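The structure under discussion appears below in the form of structure tokens.
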Protein chains: 2
Amino acid sequence: MKTTRKQKKIAAALLAALAFTPTIACAADPLPSWNDTAPKKAIVSFVEKVTKEGSPDFIPPNERIATFDNDGTLWCEKPLPVQLYFALDRVKALAPQHPEWKTNEPFASILKGDLKTAAAGGEHAILELMMATHTGNTTAEFEQIVNDWIATAKHPKTGQLYTEMVYQPMIEVLAYLRANGFKNFIVSGGGIEFMRPWAEQTYGVPPEQVVGSSVKTKFEIRDGKPVLVRLPELNFIDDKAGKPVGINQHIGRLPIAAFGNSDGDREMLEYTEGGNGARFMLLVHHDDATREYKYGAEAKLGTFSDVLMAEARDKNWTVVSMKDDWKKVFAFEPQPIINPK
Amino acid sequence: MKTTRKQKKIAAALLAALAFTPTIACAADPLPSWNDTAPKKAIVSFVEKVTKEGSPDFIPPNERIATFDNDGTLWCEKPLPVQLYFALDRVKALAPQHPEWKTNEPFASILKGDLKTAAAGGEHAILELMMATHTGNTTAEFEQIVNDWIATAKHPKTGQLYTEMVYQPMIEVLAYLRANGFKNFIVSGGGIEFMRPWAEQTYGVPPEQVVGSSVKTKFEIRDGKPVLVRLPELNFIDDKAGKPVGINQHIGRLPIAAFGNSDGDREMLEYTEGGNGARFMLLVHHDDATREYKYGAEAKLGTFSDVLMAEARDKNWTVVSMKDDWKKVFAFEPQPIINPK
């Protein structure tokens, strides 16, 4: 059979269309897990205006800094923050070396599985727990412990690895910003050395772009090898008014976009907003009682206060309703029903 | 006149040759200000082996971290470190607001131009001087002060701007590493906020890749605007055993190459050397009494001790003789004769 000139033209057009479809689809929707509601439009509109050369809102690539809180903003922080599960598992692993923990709080209650009594010690108990489980080793040893733990530890409700409990819509935002010349930083109250081992693979954020709370470390030569020893002494708490301090210390310039989910992120968003030029501030609101958890503003639970919600509304910050604005919450299928009605 | 086919061919060949010449020259010698001595060969050989895919020494781009001391490694630190000149000029600028400085040391001597007496107060006097001249303002105000100063302040011997007093061979190393996928960090005992305002333009090192000494800062809302106030309290000293601590805090992984010039850099080089895989450690030795300054090992002056020199020789670190290994020291022409014979 002889192909006519017209047939050849049609075939070429079809091939061209096929070849271009994926590109077009990708360019058309960098945020496929978001519903077409206001937050998605606000993100896309911001990115387009700051990246468009000649636009009055254009911002050069080296100044495109975006900061992200981690717990509750990039991954699930309920029923408890992941790092607390890590600390509890460390108590169990270290208990044989600490016979005194059988009687000392909060360790005694933790070992009995009674978290309520353990938590009664308040901030002091948490600090003691963190120091006992996060220090006394070298930075390299601690990294290995975190790597081993994160590779197997699972969320108590979904049975998924914690690194699967990351919000797919936010992963898309990270990738979208990166593709548009942004440098993404994590700025979290969590431990800097707890996040770094897995943040690069999970979020595409390298260790040098992770800012977090830390303990002091000390340089030593052990067996002829230089090491940094993790001391049981707080160095920095990267939360609330500490977030702008941490941002300045690590990044040295103002973010142009900041993403959070709680009162711990308020000052980071205010600090970001205070810069000159186009700025973008976003808060994730946990109002999805079925697919995730309902807490924070209106639910009167957690640390997204009604006061913060009022500030966000007043200042036109973008507030994401997980229920209404996210098509899916996690990448895995089927989506979990964490709290069946 | 009609051009023949042959003429056209020759013209095309010439054009092609012209077009390619600069590229070839550049590829052939990324370090034109270095003599063809051992240090240059060591740098090129290291970069080639870690960037060659399939090589046993290959290191992926995200792990190609290089750290550089600043004073004496990237720019001239004599007769005095540049930041000290900045502090002295600040004393003069602030004196009208501090009548008590007329009698209080080290300020009284500084205002009289008597640095010897001022220096007699030792470390305590230097710390007091630094706190008095580097704090009490916001980070944005301090940045502006540094920018204004660095734009006009000049080296007392050459009359060149301090940003011209950078070592051209080291600028070439920074560019060469960057072109080979390295991320360059400054890791200096100098003030982090003193270096950041000009490091990007001068070294191609953005603020988030500058590690240095710092004071504590505090988040405040002033006149409705969020600011960070610089407090007269030391936060971190990024020198000696502090350098590995600062590297871990800011970068979170080991450098694969480190460049210094003094005992203050010893631990940074040891820490770098302690990692697995190919590593490169370099010390700049100030032995050029004519074009720059002669100090450090053998000269029995400054902080490059004979002990460090012995360690460097023992461990096969690269030691650069400014006199023998550098074709030129500074980019400007004519090269200065700082200390005529």
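Note on naming: chains are A, B, ... as they come in the structure tokens, residues start from 1 per chain, ligands start from 1 in the order shown.
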| In stretch 298-340 of chain A, DSSP strand (DSSP E) residues written as JSON, numbers by chain | {"A": [318, 319, 320, 321]}
Those same residues, written as a compact mmCIF listing (two decimals), in the first residue's frame with all heavy atoms?
# COMPACT_ATOMS: atom_id res chain seq x y z
N THR A 318 -2.28 32.90 52.21
CA THR A 318 -3.02 31.78 51.65
C THR A 318 -3.22 30.71 52.72
O THR A 318 -2.25 30.26 53.32
CB THR A 318 -2.26 31.20 50.44
OG1 THR A 318 -2.21 32.20 49.41
CG2 THR A 318 -2.93 29.96 49.90
N VAL A 319 -4.48 30.35 52.98
CA VAL A 319 -4.76 29.29 53.93
C VAL A 319 -5.32 28.09 53.17
O VAL A 319 -6.32 28.21 52.46
CB VAL A 319 -5.75 29.75 55.02
CG1 VAL A 319 -6.08 28.58 55.95
CG2 VAL A 319 -5.18 30.91 55.81
N VAL A 320 -4.64 26.96 53.29
CA VAL A 320 -5.03 25.76 52.55
C VAL A 320 -5.95 24.90 53.42
O VAL A 320 -5.57 24.52 54.53
CB VAL A 320 -3.78 24.93 52.18
CG1 VAL A 320 -4.18 23.57 51.62
CG2 VAL A 320 -2.94 25.70 51.18
N SER A 321 -7.11 24.63 52.93
CA SER A 321 -7.97 23.64 53.56
C SER A 321 -7.60 22.27 52.98
O SER A 321 -7.79 22.03 51.78
CB SER A 321 -9.44 23.95 53.26
OG SER A 321 -10.22 22.78 53.40
| request: Considering only C-alpha atoms, return as number ranges by chain whatever protein or nucleic-acid residues lie within 7 Å of stretch 72-86 of chain A, sequence-local ones (same chain, fewer than 4 positions apart) excluded. | output: A: 90, 165-167, 170, 260-261, 284
Output N, CA and C atoms of each residue in that selection to a file, as a CSV table (one decimal), in the first residue's frame.
chain,number,residue,atom,x,y,z
A,90,ARG,N,14.1,4.9,70.8
A,90,ARG,CA,15.5,5.0,71.4
A,90,ARG,C,15.5,4.7,72.8
A,165,MET,N,4.5,9.3,54.5
A,165,MET,CA,3.5,10.1,55.2
A,165,MET,C,3.7,11.6,54.9
A,166,VAL,N,4.3,11.9,53.7
A,166,VAL,CA,4.5,13.3,53.3
A,166,VAL,C,3.4,13.7,52.4
A,167,TYR,N,3.1,15.0,52.4
A,167,TYR,CA,1.9,15.5,51.7
A,167,TYR,C,2.3,15.6,50.2
A,170,MET,N,2.3,19.1,48.7
A,170,MET,CA,3.5,19.9,49.1
A,170,MET,C,4.7,19.4,48.3
A,260,GLY,N,3.9,27.2,56.3
A,260,GLY,CA,3.9,26.7,57.7
A,260,GLY,C,2.5,26.1,58.0
A,261,ASN,N,2.2,25.7,59.2
A,261,ASN,CA,0.9,25.2,59.6
A,261,ASN,C,0.6,25.5,61.0
A,284,VAL,N,-1.0,25.7,56.0
A,284,VAL,CA,-1.8,24.5,55.8
A,284,VAL,C,-2.7,24.3,57.0
List the spatial neighbours of B:Asp263 as a CSV table (one decimal) with all heavy atoms, in the first residue's frame - criterion: any atom at most 12 Å away, only C-alpha atoms, same-chain residues fewer than 6 positions off excluded.
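Produced file out_29.csv, reproduced below:
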chain,number,residue,atom,x,y,z
B,69,ASP,N,38.7,29.1,53.9
B,69,ASP,CA,38.9,30.2,54.9
B,69,ASP,C,38.9,31.5,54.1
B,69,ASP,O,39.2,31.5,52.9
B,69,ASP,CB,40.2,30.0,55.6
B,69,ASP,CG,40.7,31.2,56.4
B,69,ASP,OD1,39.9,31.6,57.3
B,69,ASP,OD2,41.7,31.7,56.1
B,72,GLY,N,43.5,35.8,54.5
B,72,GLY,CA,44.8,35.2,54.2
B,72,GLY,C,44.7,34.0,53.3
B,72,GLY,O,45.7,33.5,52.8
B,189,GLY,N,36.8,32.7,60.4
B,189,GLY,CA,36.7,33.2,61.7
B,189,GLY,C,36.0,34.6,61.7
B,189,GLY,O,35.6,35.1,62.8
B,239,ASP,N,36.2,29.4,64.5
B,239,ASP,CA,37.7,29.3,64.3
B,239,ASP,C,38.2,28.1,65.0
B,239,ASP,O,37.6,27.5,65.9
B,239,ASP,CB,38.4,30.6,64.9
B,239,ASP,CG,39.8,30.8,64.3
B,239,ASP,OD1,40.0,30.4,63.2
B,239,ASP,OD2,40.6,31.4,65.0
B,240,LYS,N,39.3,27.5,64.5
B,240,LYS,CA,40.0,26.4,65.1
B,240,LYS,C,39.0,25.2,65.2
B,240,LYS,O,38.4,24.8,64.1
B,240,LYS,CB,40.6,26.7,66.4
B,240,LYS,CG,41.7,27.8,66.3
B,240,LYS,CD,42.5,27.9,67.6
B,240,LYS,CE,43.7,28.9,67.5
B,240,LYS,NZ,43.3,30.3,67.5
B,241,ALA,N,38.8,24.6,66.4
B,241,ALA,CA,37.9,23.5,66.5
B,241,ALA,C,36.4,23.9,66.3
B,241,ALA,O,35.6,23.0,66.1
B,241,ALA,CB,38.0,22.9,67.9
B,243,LYS,N,35.5,25.4,63.6
B,243,LYS,CA,35.3,25.3,62.1
B,243,LYS,C,34.5,24.0,61.7
B,243,LYS,O,33.5,24.1,61.0
B,243,LYS,CB,36.5,25.5,61.3
B,243,LYS,CG,37.0,27.0,61.3
B,243,LYS,CD,37.8,27.4,60.1
B,243,LYS,CE,38.2,28.9,60.2
B,243,LYS,NZ,38.7,29.4,58.9
B,269,LEU,N,40.8,21.3,58.1
B,269,LEU,CA,41.5,20.4,57.1
B,269,LEU,C,41.5,19.0,57.6
B,269,LEU,O,41.3,18.0,56.8
B,269,LEU,CB,42.9,20.9,56.8
B,269,LEU,CG,43.0,21.9,55.6
B,269,LEU,CD1,42.2,23.2,55.9
B,269,LEU,CD2,44.4,22.2,55.3
B,270,GLU,N,41.7,18.8,58.9
B,270,GLU,CA,41.7,17.4,59.5
B,270,GLU,C,40.3,16.8,59.3
B,270,GLU,O,40.2,15.6,59.0
B,270,GLU,CB,42.1,17.5,61.0
B,270,GLU,CG,43.5,17.8,61.2
B,270,GLU,CD,43.9,18.0,62.7
B,270,GLU,OE1,42.9,18.1,63.5
B,270,GLU,OE2,45.1,18.1,63.0
B,283,LEU,N,47.0,24.5,51.9
B,283,LEU,CA,47.3,25.7,52.7
B,283,LEU,C,48.1,26.7,51.9
B,283,LEU,O,49.0,26.3,51.2
B,283,LEU,CB,48.2,25.2,53.9
B,283,LEU,CG,47.4,24.5,55.1
B,283,LEU,CD1,48.5,23.8,56.0
B,283,LEU,CD2,46.5,25.4,55.8
B,284,VAL,N,47.7,27.9,52.0
B,284,VAL,CA,48.4,29.0,51.3
B,284,VAL,C,49.5,29.5,52.3
B,284,VAL,O,49.2,29.8,53.4
B,284,VAL,CB,47.5,30.2,51.0
B,284,VAL,CG1,48.2,31.3,50.4
B,284,VAL,CG2,46.4,29.7,50.0
B,285,HIS,N,50.7,29.5,51.8
B,285,HIS,CA,51.9,29.9,52.6
B,285,HIS,C,52.3,31.3,52.2
B,285,HIS,O,52.7,31.5,51.0
B,285,HIS,CB,53.0,28.9,52.6
B,285,HIS,CG,54.1,29.2,53.5
B,285,HIS,ND1,55.4,28.9,53.3
B,285,HIS,CD2,54.1,29.8,54.8
B,285,HIS,CE1,56.1,29.2,54.3
B,285,HIS,NE2,55.4,29.8,55.2
B,296,GLY,N,54.0,33.6,58.9
B,296,GLY,CA,53.7,32.2,59.1
B,296,GLY,C,54.9,31.4,59.2
B,296,GLY,O,56.0,31.9,59.7
B,297,ALA,N,54.8,30.1,58.9
B,297,ALA,CA,55.9,29.1,59.1
B,297,ALA,C,57.2,29.7,58.6
B,297,ALA,O,57.3,30.4,57.5
B,297,ALA,CB,55.6,27.8,58.4
B,302,GLY,N,52.9,35.4,62.7
B,302,GLY,CA,51.6,35.0,62.3
B,302,GLY,C,51.2,33.6,62.8
B,302,GLY,O,51.9,33.1,63.6
B,303,THR,N,50.2,33.1,62.3
B,303,THR,CA,49.6,31.9,62.9
B,303,THR,C,49.7,30.6,62.0
B,303,THR,O,49.0,29.7,62.2
B,303,THR,CB,48.1,32.1,63.2
B,303,THR,OG1,47.5,32.5,62.0
B,303,THR,CG2,48.0,33.2,64.3
B,304,PHE,N,50.6,30.6,61.0
B,304,PHE,CA,50.8,29.4,60.3
B,304,PHE,C,52.1,28.8,61.0
B,304,PHE,O,53.2,29.2,60.6
B,304,PHE,CB,51.1,29.7,58.8
B,304,PHE,CG,51.2,28.4,57.9
B,304,PHE,CD1,50.7,28.5,56.6
B,304,PHE,CD2,51.8,27.3,58.3
B,304,PHE,CE1,50.7,27.4,55.8
B,304,PHE,CE2,51.8,26.1,57.5
B,304,PHE,CZ,51.3,26.2,56.2
B,305,SER,N,51.9,28.0,62.0
B,305,SER,CA,53.1,27.5,62.8
B,305,SER,C,53.9,26.5,62.1
B,305,SER,O,53.5,25.8,61.1
B,305,SER,CB,52.5,27.0,64.1
B,305,SER,OG,51.8,25.8,63.8
B,306,ASP,N,55.1,26.3,62.5
B,306,ASP,CA,56.0,25.3,62.0
B,306,ASP,C,55.4,23.9,62.3
B,306,ASP,O,55.6,22.9,61.5
B,306,ASP,CB,57.4,25.3,62.6
B,306,ASP,CG,58.1,26.6,62.1
B,306,ASP,OD1,57.6,27.2,61.2
B,306,ASP,OD2,59.2,26.9,62.7
B,307,VAL,N,54.6,23.8,63.4
B,307,VAL,CA,53.9,22.5,63.7
B,307,VAL,C,52.9,22.2,62.6
B,307,VAL,O,52.8,21.0,62.2
B,307,VAL,CB,53.2,22.6,65.1
B,307,VAL,CG1,52.4,21.4,65.4
B,307,VAL,CG2,54.3,22.9,66.2
B,308,LEU,N,52.1,23.2,62.2
B,308,LEU,CA,51.2,22.9,61.1
B,308,LEU,C,51.9,22.6,59.8
B,308,LEU,O,51.4,21.7,59.1
B,308,LEU,CB,50.3,24.2,60.9
B,308,LEU,CG,49.2,24.1,59.8
B,308,LEU,CD1,48.2,23.0,60.1
B,308,LEU,CD2,48.5,25.4,59.6
B,309,MET,N,53.0,23.3,59.6
B,309,MET,CA,53.7,23.0,58.3
B,309,MET,C,54.2,21.5,58.4
B,309,MET,O,54.1,20.8,57.3
B,309,MET,CB,54.9,23.9,58.2
B,309,MET,CG,55.7,23.7,56.9
B,309,MET,SD,54.7,24.0,55.4
B,309,MET,CE,55.2,25.7,55.0
B,310,ALA,N,54.7,21.1,59.5
B,310,ALA,CA,55.1,19.7,59.6
B,310,ALA,C,54.0,18.7,59.4
B,310,ALA,O,54.1,17.7,58.7
B,310,ALA,CB,55.7,19.5,61.0
B,311,GLU,N,52.8,19.0,60.0
B,311,GLU,CA,51.6,18.2,59.8
B,311,GLU,C,51.2,18.1,58.3
B,311,GLU,O,50.9,17.1,57.8
B,311,GLU,CB,50.4,18.7,60.6
B,311,GLU,CG,49.1,17.9,60.4
B,311,GLU,CD,48.0,18.3,61.4
B,311,GLU,OE1,48.2,19.2,62.3
B,311,GLU,OE2,46.9,17.8,61.2
B,312,ALA,N,51.3,19.3,57.7
B,312,ALA,CA,50.9,19.4,56.2
B,312,ALA,C,51.9,18.5,55.4
B,312,ALA,O,51.4,17.7,54.5
B,312,ALA,CB,50.9,20.8,55.8
| Contact residues (chain B, partner chain A, 7 Å, only C-alpha atoms) as a ChimeraX atom specification | /B:207-208,217-219,225-226,241,244-245,250-253,270-271,274
Residues from the last selection, N, CA and C atoms, saved as a compact mmCIF listing (two decimals), in the first residue's frame:
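Now in result_2.txt:
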# COMPACT_ATOMS: atom_id res chain seq x y z
N PRO B 207 25.07 34.30 50.11
CA PRO B 207 25.02 34.41 51.58
C PRO B 207 24.80 33.08 52.29
N GLU B 208 23.98 32.21 51.71
CA GLU B 208 23.66 30.93 52.36
C GLU B 208 24.85 29.97 52.34
N THR B 217 21.07 37.24 67.70
CA THR B 217 20.10 38.21 67.20
C THR B 217 18.73 37.91 67.81
N LYS B 218 17.86 38.91 67.76
CA LYS B 218 16.55 38.78 68.39
C LYS B 218 15.49 39.34 67.46
N PHE B 219 14.43 38.55 67.27
CA PHE B 219 13.32 38.97 66.43
C PHE B 219 12.46 39.99 67.17
N LYS B 225 7.19 46.66 61.59
CA LYS B 225 8.02 45.90 60.65
C LYS B 225 8.88 44.89 61.40
N PRO B 226 8.90 43.63 60.94
CA PRO B 226 9.73 42.63 61.62
C PRO B 226 11.22 42.87 61.33
N ALA B 241 38.82 24.62 66.37
CA ALA B 241 37.90 23.48 66.51
C ALA B 241 36.45 23.89 66.27
N PRO B 244 34.97 22.86 62.21
CA PRO B 244 34.17 21.66 61.92
C PRO B 244 32.75 21.76 62.49
N VAL B 245 32.61 22.38 63.65
CA VAL B 245 31.29 22.56 64.25
C VAL B 245 30.42 23.43 63.34
N HIS B 250 26.08 24.24 59.47
CA HIS B 250 25.56 24.91 58.27
C HIS B 250 25.42 23.97 57.08
N ILE B 251 26.35 23.08 56.91
CA ILE B 251 26.40 22.29 55.67
C ILE B 251 25.84 20.89 55.91
N GLY B 252 26.19 20.31 57.05
CA GLY B 252 25.61 19.00 57.37
C GLY B 252 26.24 17.84 56.64
N ARG B 253 27.30 18.09 55.93
CA ARG B 253 28.12 16.99 55.41
C ARG B 253 29.56 17.44 55.28
N GLU B 270 41.73 18.78 58.92
CA GLU B 270 41.72 17.43 59.50
C GLU B 270 40.35 16.79 59.33
N TYR B 271 39.31 17.57 59.61
CA TYR B 271 37.93 17.09 59.51
C TYR B 271 37.62 16.68 58.07
N GLY B 274 39.30 13.47 57.15
CA GLY B 274 38.75 12.30 57.83
C GLY B 274 37.63 11.60 57.10
| task | Please measure the separation of atom CA of B:Glu48 and atom CA of B:Leu177, giving the value in Å to one decimal. | result | 10.3 Å
| task | as number ranges by chain, please: all residues of stretch 70-173 of chain A that backbone DSSP puts in helix (DSSP H, G or I). | result | A: 82-97, 99-102, 107-111, 115-119, 122-134, 139-150, 162-164, 168-173
